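Enquirer: Sharing a structure, written as structure tokens. Questions coming.
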Amino acid sequence: MMKFFKYPFQKVEKKWLNHWQKSNFKLCQTKDFPKKPKYYVLEMFPYPSGEGLHVGHVENYTAGDIYARFKRMKGYEVLHPMGWDAFGLPAENYAIKMKKHPSEIVKHNIGVFKKQLLKMGFGYDWKREINTTDPKYYRWTQWMFLKLFEKGLAYEKEAPINFCPSCKTGLANEEVTAEGTCDRCGTPVEKKLLKQWWIKITAYAERLLKDIDLLDWPEDVKEMQKNWIGKSNGHQIKFALKDDNNFKIGEIEVFTTRADTLFGATYLVLAPEHPIINQLKDSIQNYYEVQHYITDALQKSELERTDLSKIKTGVEMRGIKAINPANQEAIPVWISDYVLMHYGTGAIMAVPAHDERDFEFAKKFKLNITEVISLDGKEHPLEEAYTGDGVLINSGPFNGLDSKSAQEKIALYVGAKKVTNYKMRDWIFSRQRYWGEPIPIVHCPQCGAVPVPEKNLPVTLPNVKSYEPTGTGESPLAAIESWVNTKCPKCGGPAKRETNTMPQWAGSCWYYLRYLDPKNSKKFVDPKKEKKWLPVDIYIGGKEHAVLHLLYARFWHKFLKDIGAVATEEPFKKLVNQGIILGSDGRKMSKSFGNVVNPDEMVKKYGADALRMYIMFMGPLEDMKAWNTDGINGLSRFISRVWSLYQNQLRLKGKEVKNVELEKVLHRTIKKVTDDTENLRFNTAISALMECLNKMQEKEVKIPKAYLETYLKLLAPYAPFITEELWHELGHRNSIHEEKWPKYNKKYLEQKTFELLVQVNGKLRAKIEAPLNLSQKEAEKLALAHPQVQKFLQNAKPKKIIFVPNRLINLVG
RNA sequence: GCCCGGGUGGCGGAAUCGGCAUACGCGAAGGACUUAAAAUCCUUUGUCCUCUUCGGACUUGUGGGUUCGAGUCCCACCCCGGGCACCA
């Protein structure tokens with residue numbers, strides 16, 4: 001009789017964690033230059049918040065841990081590191097509240113996180129642990145900034161920041177609500193113009209776009225990056241401006257992707273910020289009205305301006321006309337906030353017949369609408385803009401041409417310039433905050449912005465008590481005079497340090513490189529190590545980083561390549577996004593819904609192995625899935641059943657019984673678990689492990705020890721604790737996690753017979769056990785002899801027979 | 001509005017090449033063990049007809065199509081999730 005043994009998971013997990021920790025996870029320590037093939041498994045490193053680890057982390061890191069353990073057993077030298085992305089707002093805000101230094105809070109939170117990760121059984125090479133807030137780390141972030149500065153890719157420019165007049169502080173975008181108010185006090189957020197540091201990521205737009213094709217990434221993430229970069233090819237066309245007396249008073253250049261519609265351009269529209277407006281002010285008859293509109297528009301937040309549901313507004317600059325270069329027609333010039341200054345030239349030619357926005361605008365202000373593209377070459381009354389292709393009409397010498405080929409011809413006709421534009425904008429790199437990497441620049445009244453010499457890096461954050469907001473919109477660092485005032489590295493005169501700090505993205509742009517060489521004080525990474533280990537073979541993390549982090553990191557990496565610091569073009573070869581885990585009510589986990597699952601409690605109640613396996617069993621890694629409190633019971637039960645089986649087997653006396661049937665099942669399981677794990681289909685790998693266990697406990701006989709060992713190895717990446725314990729109970733002294741991954745033997749997968757499926761008119765009517773490689777003739781004979789088949793054929797002869805060897809026969813009557 | 005995903009039992013999901021739909025797990029029902037409960041073990045479990053089996057009909061969001069055969073391919077539509085959104 002099979003006896004039930006209760007699995008003492010708490011005892012076992014504690015025992016092995018202690019054991020592994022004693023050697024600082026020697027098993028997971030990676031050689032810099034191994035003989036074995038390398039494999040770099042990376043998970044997006046966490047921000048160590050005060051909340052501790054959440055289930056999303058557990059999902060992300062379990063997937064990575066299973067994969068790293070699997071690859072290691074498959075014979076790779078696996079690099080699987082962990083670190084902390086610890087600069088950023090929450091730590092700073094919490095520090096202000098608790099009157100503690102952010103670094104203390106970070107240190108504490110890291111302690112909590114690390115303990116939780118260890119309890120989950122994750123195996124990292126802790127010798128390579130990094131922390132972005134460590135001066136020894138951010139020294140290199142600053143060094144890279146200086147390189148960007150040196151190459152002209154970091155520059156200063158005035159830009160509006162979000163500013164809360166009540167809190168008297170600059171706000172990060174994430175602190176501004178969707179309604180455009182301050183997250184903390186509800187006051188409407190204002191804009192304040194301040195000098196900001198920018199990174200010229202747009203210089204890399206084309207390469208960032210082109211190289212997306214090199215990546216083994218989810219299609220939607222690639223698509224998102226493409227859209228974000230937003231390349232469009234078009235033309236810049238010049239329109240002469242004339243006043244009421246027909247004097248030429250200037251010129252406006254517009255950007256269009258539809259030069260073929262030029263004859264339909266019945267007015268121009270300028271962005272309210274367009275500098276030419278001021279130059280034209282003497283000729284504008286309604287200048288007061290125009291000025292009023294502009295002031296209004298500039299006060300609006302980006303959110304208000306880009307609200308699509310809003311009815312379009314605008315004002316005409318009376319007294320000024322533009323000349324359409326295609327037909328020399330004088331057309332009105334308007335100003336409207338739906339035209340954006342930062343894209344193209346900040347001015348558009350409006351073709352209301354063939355652009356939805358222009359159509360809407362023209363209807364509202366009763367402007368001319370001229371149809372120039374027609375599907376049938378005829379003119380029609382237009383109910384809405386037609387944005388497709390067609391044949392040109394009302395276009396003088398170009399009538400009858402198809403719109404595609406007309407584009408270049410009309411462009412040539414009016415002397416337009418071919419231009420490529422990108423939606424992507426440069427990256428604002430300054431934050432008015434204390435808890436970030438200081439930007440290593442000194443502002444000298446004589447020499448301007450001077451880089452801090454490399455030998456003086458890092459520029460460390462001053463360790464003072466007051467890092468609360470200054471009230472001016474500047475960084476808290478501005479108030480720390482002893483730190484701010486310094487000497488100019490160039491002329492030696494009195495100068496001030498840059499007081500803005502870097503955004504949280506900075507440290508995460510290159511952390512995957514530092515893991516390769518975390519202690520190097522001469523270089524951020526030894527180029528030989530970079531060459532050996534990059535690119536990252538698999539990068540696992542949340543989709544929320546689909547654009548920003550992943551685009552910044554790709555840019556940063558390409559820049560490092562250009563200065564010869566790395567040899568690879570792209571940092572992350574394969575990307576995988578784990579899906580969000582929702583609460584059991586199907587809503588996003590949140591304190592206010594009370595549906596948050598605490599991993600610590602789950603580990604306490606069910607053990608880490610059960611939690612790991614449940615989270616992987618819930619569904620495909622990339623899918624969104626809802627937590628089910630009962631679900632984890634099933635995996636807890638599975639773990640117990642494994643335990644019981646092995647305890648029974650260890651106690652069973654007598655001879656091992658060779659079991660051909662079980663052997664077949666085992667080898668099928670090896671194949672299935674190997675393939676599924678390789679392809680990150682952990683949920684189906686686990687069900688295969690369950691099926692195999694069901695088979696093993698079906699009969700109460702002594703199973704050969706070799707089978708029991710093989711099964712444990714298959715389970716080891718998933719449940720590292722119980723497998724280690726049982727491996728030792730089977731008499732081994734080494735760790736199961738350094739064992740070789742089992743191979744299946746094809747001979748056990750081969751079948752001598754198969755189940756012939758017999759269909760009549762496509763419907764399954766019988767299943768017949770038949771020898772493999774049965775011929776069609778024999779199959780027919782077998783099928784026709786079956787009473788069920790005769791019944792449905794009604795003794796008629798089949799008109800047609802479909803035969804799929806070793807699978808089915810379909811008799812069509 | 002545009003661009004991606006997706007829709008399969010009471011629930012999470014499986015079906016990897018167009019060939020047994022519903023694997024595996026949860027839940028539920030019945031039983032064994034127990035004074036009892038928990039735990040554990042066994043049986044049943046898509047819907048309907050026949051309710052005794054044998055068996056049959058139907059079933060992968062909806063409607064059409066291609067095919068000997070469709071969850072899988074094609075067309076149209078409905079619904080859900082995500083991303084982008086005045087980028088000319």
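In the structure tokens, each chain is lettered A, B, ... as it comes, each chain's residues begin at 1, and ligands are numbered from 1 in order of appearance.
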For chain A, list the residues within 6 Å of chain B, counting only C-alpha atoms (C1' of nucleotides), and write the list as a list in words.
Expert: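 The answer, sorted by residue number, is Asp220, Thr256, Tyr338, Lys423, Gly631, Ser687 and Gly762 of chain A.
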Enquirer: Write to file, as a PDB file, in the first residue's frame, the residues of the selection just made, with N, CA and C atoms.
Expert:
```pdb
ATOM      1  N   ASP A 220       5.320  42.727 -31.475  1.00  0.00           N
ATOM      2  CA  ASP A 220       4.644  43.961 -31.059  1.00  0.00           C
ATOM      3  C   ASP A 220       5.626  44.962 -30.465  1.00  0.00           C
ATOM      4  N   THR A 256       5.624  67.835 -46.247  1.00  0.00           N
ATOM      5  CA  THR A 256       4.476  67.008 -46.612  1.00  0.00           C
ATOM      6  C   THR A 256       4.939  65.646 -47.119  1.00  0.00           C
ATOM      7  N   TYR A 338      -3.104  72.727 -33.721  1.00  0.00           N
ATOM      8  CA  TYR A 338      -2.981  71.319 -34.115  1.00  0.00           C
ATOM      9  C   TYR A 338      -1.721  71.076 -34.932  1.00  0.00           C
ATOM     10  N   LYS A 423       9.451  60.979 -35.817  1.00  0.00           N
ATOM     11  CA  LYS A 423       8.638  61.449 -34.692  1.00  0.00           C
ATOM     12  C   LYS A 423       9.473  61.556 -33.424  1.00  0.00           C
ATOM     13  N   GLY A 631      -5.549  27.329  -7.253  1.00  0.00           N
ATOM     14  CA  GLY A 631      -4.623  26.769  -8.224  1.00  0.00           C
ATOM     15  C   GLY A 631      -3.312  26.321  -7.615  1.00  0.00           C
ATOM     16  N   SER A 687       3.008  20.101 -17.206  1.00  0.00           N
ATOM     17  CA  SER A 687       1.954  19.085 -17.338  1.00  0.00           C
ATOM     18  C   SER A 687       2.538  17.746 -17.787  1.00  0.00           C
ATOM     19  N   GLY A 762     -15.484  12.058 -43.397  1.00  0.00           N
ATOM     20  CA  GLY A 762     -14.828  13.030 -42.525  1.00  0.00           C
ATOM     21  C   GLY A 762     -15.180  12.895 -41.065  1.00  0.00           C
TER      22      GLY A 762
END
```
Enquirer: Compile the contact shell of region 49-60 of chain A as number ranges by chain: residues with an atom at most 9 Å away, counting only C-alpha atoms (C1' of nucleotides), same-chain residues fewer than 5 positions apart removed.
Expert: A: 43-44, 65, 86, 90-91, 94, 105-106, 108-110, 112-113, 116-117, 120, 540-542, 577-581, 596-600, 611-612, 615-616, 621
Enquirer: Kindly save the residues from that selection, with N, CA, C and O atoms included, as a compact mmCIF listing (two decimals), in the first residue's frame.
Expert:
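As a result, out16.txt now contains:
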```
# COMPACT_ATOMS: atom_id res chain seq x y z
N GLU A 43 17.58 39.01 -16.51
CA GLU A 43 16.24 39.49 -16.23
C GLU A 43 16.37 40.97 -15.88
O GLU A 43 17.37 41.39 -15.33
N MET A 44 15.36 41.74 -16.23
CA MET A 44 15.41 43.17 -15.92
C MET A 44 15.56 43.34 -14.42
O MET A 44 14.79 42.78 -13.65
N ASP A 65 15.34 31.93 -13.93
CA ASP A 65 16.08 30.94 -13.14
C ASP A 65 15.95 29.54 -13.72
O ASP A 65 16.92 28.79 -13.80
N ALA A 86 18.68 51.45 -8.32
CA ALA A 86 18.21 52.00 -7.04
C ALA A 86 18.10 53.52 -6.97
O ALA A 86 17.71 54.06 -5.94
N PRO A 90 10.84 57.24 -5.75
CA PRO A 90 10.22 56.71 -4.54
C PRO A 90 11.14 56.73 -3.33
O PRO A 90 10.74 57.14 -2.25
N ALA A 91 12.40 56.33 -3.54
CA ALA A 91 13.35 56.32 -2.42
C ALA A 91 13.54 57.74 -1.91
O ALA A 91 13.62 57.98 -0.70
N TYR A 94 10.35 58.93 -0.02
CA TYR A 94 10.25 58.21 1.24
C TYR A 94 11.28 58.75 2.23
O TYR A 94 11.00 58.91 3.42
N ILE A 105 17.80 54.03 3.01
CA ILE A 105 16.55 53.36 2.63
C ILE A 105 16.82 52.31 1.56
O ILE A 105 16.34 51.19 1.63
N VAL A 106 17.64 52.70 0.59
CA VAL A 106 17.98 51.78 -0.49
C VAL A 106 18.69 50.55 0.08
O VAL A 106 18.39 49.42 -0.28
N HIS A 108 18.49 49.28 3.02
CA HIS A 108 17.52 48.45 3.73
C HIS A 108 16.65 47.64 2.76
O HIS A 108 16.47 46.44 2.91
N ASN A 109 16.14 48.35 1.72
CA ASN A 109 15.26 47.68 0.77
C ASN A 109 15.98 46.57 0.01
O ASN A 109 15.41 45.52 -0.27
N ILE A 110 17.24 46.82 -0.33
CA ILE A 110 18.01 45.80 -1.03
C ILE A 110 18.13 44.56 -0.14
O ILE A 110 17.99 43.43 -0.62
N VAL A 112 16.04 43.51 2.08
CA VAL A 112 14.76 42.79 2.07
C VAL A 112 14.59 42.01 0.75
O VAL A 112 14.25 40.83 0.75
N PHE A 113 14.85 42.69 -0.36
CA PHE A 113 14.71 42.06 -1.67
C PHE A 113 15.61 40.83 -1.80
O PHE A 113 15.19 39.79 -2.28
N GLN A 116 14.38 37.87 -0.02
CA GLN A 116 13.23 37.27 -0.70
C GLN A 116 13.65 36.48 -1.94
O GLN A 116 13.13 35.40 -2.20
N LEU A 117 14.60 37.02 -2.67
CA LEU A 117 15.09 36.31 -3.87
C LEU A 117 15.74 34.99 -3.47
O LEU A 117 15.55 33.96 -4.13
N MET A 120 13.32 32.25 -2.69
CA MET A 120 12.66 31.67 -3.86
C MET A 120 13.53 30.62 -4.53
O MET A 120 13.10 29.96 -5.47
N ILE A 540 14.69 38.88 -20.18
CA ILE A 540 13.29 38.68 -19.78
C ILE A 540 12.84 39.84 -18.90
O ILE A 540 13.54 40.22 -17.96
N GLY A 541 11.69 40.40 -19.23
CA GLY A 541 11.18 41.50 -18.42
C GLY A 541 9.82 41.95 -18.90
O GLY A 541 9.27 41.40 -19.85
N GLY A 542 9.29 42.95 -18.23
CA GLY A 542 7.93 43.41 -18.50
C GLY A 542 7.83 44.25 -19.75
O GLY A 542 8.80 44.87 -20.19
N ASN A 577 8.80 38.96 -22.99
CA ASN A 577 8.02 39.72 -22.02
C ASN A 577 7.11 38.77 -21.25
O ASN A 577 6.27 38.11 -21.86
N GLN A 578 7.28 38.71 -19.95
CA GLN A 578 6.32 37.93 -19.18
C GLN A 578 5.03 38.73 -19.05
O GLN A 578 5.06 39.95 -19.00
N GLY A 579 3.89 38.03 -19.05
CA GLY A 579 2.59 38.72 -18.96
C GLY A 579 2.29 39.13 -17.53
O GLY A 579 2.82 38.57 -16.59
N ILE A 580 1.42 40.10 -17.42
CA ILE A 580 1.04 40.59 -16.09
C ILE A 580 0.21 39.54 -15.35
O ILE A 580 -0.61 38.85 -15.96
N ILE A 581 0.44 39.41 -14.05
CA ILE A 581 -0.42 38.55 -13.23
C ILE A 581 -1.44 39.45 -12.53
O ILE A 581 -1.08 40.38 -11.80
N VAL A 596 -3.88 41.99 -3.69
CA VAL A 596 -2.44 41.77 -3.88
C VAL A 596 -2.03 40.44 -3.26
O VAL A 596 -2.42 40.11 -2.14
N VAL A 597 -1.29 39.66 -4.01
CA VAL A 597 -0.77 38.40 -3.50
C VAL A 597 0.66 38.64 -3.02
O VAL A 597 1.49 39.15 -3.76
N ASN A 598 0.93 38.30 -1.81
CA ASN A 598 2.25 38.52 -1.23
C ASN A 598 3.07 37.23 -1.36
O ASN A 598 2.75 36.22 -0.74
N PRO A 599 4.15 37.26 -2.14
CA PRO A 599 4.95 36.05 -2.35
C PRO A 599 5.48 35.46 -1.05
O PRO A 599 5.54 34.22 -0.92
N ASP A 600 5.84 36.31 -0.11
CA ASP A 600 6.36 35.81 1.18
C ASP A 600 5.38 34.87 1.86
O ASP A 600 5.74 33.82 2.36
N LEU A 611 5.35 27.50 -5.27
CA LEU A 611 5.03 28.83 -5.80
C LEU A 611 5.64 29.01 -7.18
O LEU A 611 4.98 29.47 -8.11
N ARG A 612 6.92 28.65 -7.32
CA ARG A 612 7.59 28.75 -8.63
C ARG A 612 6.79 27.98 -9.68
O ARG A 612 6.49 28.49 -10.77
N ILE A 615 3.24 29.46 -10.57
CA ILE A 615 3.28 30.66 -11.41
C ILE A 615 3.64 30.30 -12.85
O ILE A 615 3.12 30.89 -13.80
N MET A 616 4.48 29.30 -13.01
CA MET A 616 4.83 28.89 -14.37
C MET A 616 3.73 28.04 -15.02
O MET A 616 3.62 27.97 -16.24
N LEU A 621 3.95 31.93 -20.57
CA LEU A 621 4.73 32.98 -19.91
C LEU A 621 4.31 34.38 -20.37
O LEU A 621 4.19 35.29 -19.56
```
Enquirer: Quick check for you: according to DSSP on this backbone, which residues of region 230-406 of chain A are classed as helix (DSSP H, G or I)? Reply as JSON, numbers by chain.
Expert: {"A": [259, 260, 261, 262, 263, 264, 276, 277, 278, 279, 287, 288, 289, 290, 291, 292, 293, 294, 295, 296, 297, 298, 299, 302, 303, 304, 305, 352, 353, 354, 356, 357, 358, 359, 360, 361, 362, 363, 364, 365, 396, 397, 398, 403, 404, 405, 406]}
Enquirer: Please, which residues of region 131-243 of chain A, numbered as in this document, come out strand (DSSP E) from DSSP, as a ChimeraX atom specification?
Expert: /A:131,154-164,169-171,190-199,231-243
Enquirer: Excluding G55 (chain B) and its own-chain neighbours fewer than 6 positions away, which residues fall within 12 Å of it when counting only C-alpha atoms (C1' of nucleotides)? Please give them as a ChimeraX atom specification.
Expert: /A:765,788 /B:49
Enquirer: Find the spatial neighbours of region 274-276 of chain A, counting only C-alpha atoms (C1' of nucleotides), within a cut-off of 12 Å - ignore same-chain residues fewer than 2 positions away - and output them as number ranges by chain.
Expert: A: 241, 249-254, 269-272, 278-284, 294, 298, 317, 333-337, 339-348
Enquirer: Store the residues of this selection in a file with C-alpha atoms, as a CSV table (one decimal), in the first residue's frame.
Expert:
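Result written to selection.csv:
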```csv
chain,number,residue,atom,x,y,z
A,241,LEU,CA,4.5,85.1,-48.7
A,249,ILE,CA,7.6,89.6,-47.6
A,250,GLY,CA,9.0,86.2,-46.9
A,251,GLU,CA,8.8,82.5,-47.4
A,252,ILE,CA,7.4,79.5,-45.5
A,253,GLU,CA,8.7,76.0,-45.9
A,254,VAL,CA,6.2,73.2,-45.2
A,269,VAL,CA,-1.3,76.5,-41.2
A,270,LEU,CA,1.6,77.5,-38.8
A,271,ALA,CA,2.3,76.3,-35.3
A,272,PRO,CA,1.6,79.0,-32.8
A,278,ASN,CA,6.9,87.7,-35.2
A,279,GLN,CA,8.8,88.7,-38.3
A,280,LEU,CA,5.5,89.3,-40.1
A,281,LYS,CA,3.9,91.3,-37.4
A,282,ASP,CA,3.9,94.6,-39.4
A,283,SER,CA,1.9,93.1,-42.2
A,284,ILE,CA,-0.6,91.2,-40.0
A,294,ILE,CA,-0.9,82.4,-29.5
A,298,LEU,CA,1.1,78.3,-25.4
A,317,MET,CA,-3.2,86.1,-40.3
A,333,VAL,CA,-2.3,81.6,-43.9
A,334,TRP,CA,-3.7,80.4,-40.6
A,335,ILE,CA,-2.3,79.7,-37.1
A,336,SER,CA,-3.6,76.6,-35.2
A,337,ASP,CA,-2.4,74.6,-32.3
A,339,VAL,CA,0.2,72.0,-36.0
A,340,LEU,CA,3.2,71.1,-33.9
A,341,MET,CA,6.4,73.2,-33.9
A,342,HIS,CA,8.7,70.3,-33.1
A,343,TYR,CA,7.8,68.2,-36.1
A,344,GLY,CA,8.8,68.9,-39.7
A,345,THR,CA,9.1,72.6,-40.2
A,346,GLY,CA,6.3,73.7,-37.9
A,347,ALA,CA,4.2,74.6,-40.9
A,348,ILE,CA,1.9,72.6,-43.1
```
Enquirer: Which polymer residues have any atom within 9 Å of an atom of Lys799 (chain A), counting only C-alpha atoms (C1' of nucleotides), with same-chain residues fewer than 5 positions away left out, as a PyMOL selection string?
Expert: chain A and resi 811-813
Enquirer: Hey, which of B:A21, B:C42, B:C2, B:C33 ends up closest to U72 (chain B)? Count only C-alpha atoms (C1' of nucleotides).
Expert: B:A21
Enquirer: Quick one: everything within 8 Å of Pro620 (chain A), counting only C-alpha atoms (C1' of nucleotides), minus sequence neighbours fewer than 5 positions away in the same chain. Send it as a list in words.
Expert: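 Final neighbour list, sorted by chain and number: Arg681, Phe682 and Asn683 of chain A.
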Enquirer: One decimal, in Å: what's the spacing between CA of Asp675 (chain A) and CA of Trp741 (chain A)?
Expert: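 Value for the CA of Asp675 (chain A)-CA of Trp741 (chain A) distance: 12.2 Å.
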Enquirer: Kindly give the distance, in Å, that separates CA of Gln291 (chain A) and CA of Gly473 (chain A), rounded to a single decimal.
Expert: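 CA of Gly473 (chain A) lies 28.0 Å from CA of Gln291 (chain A).
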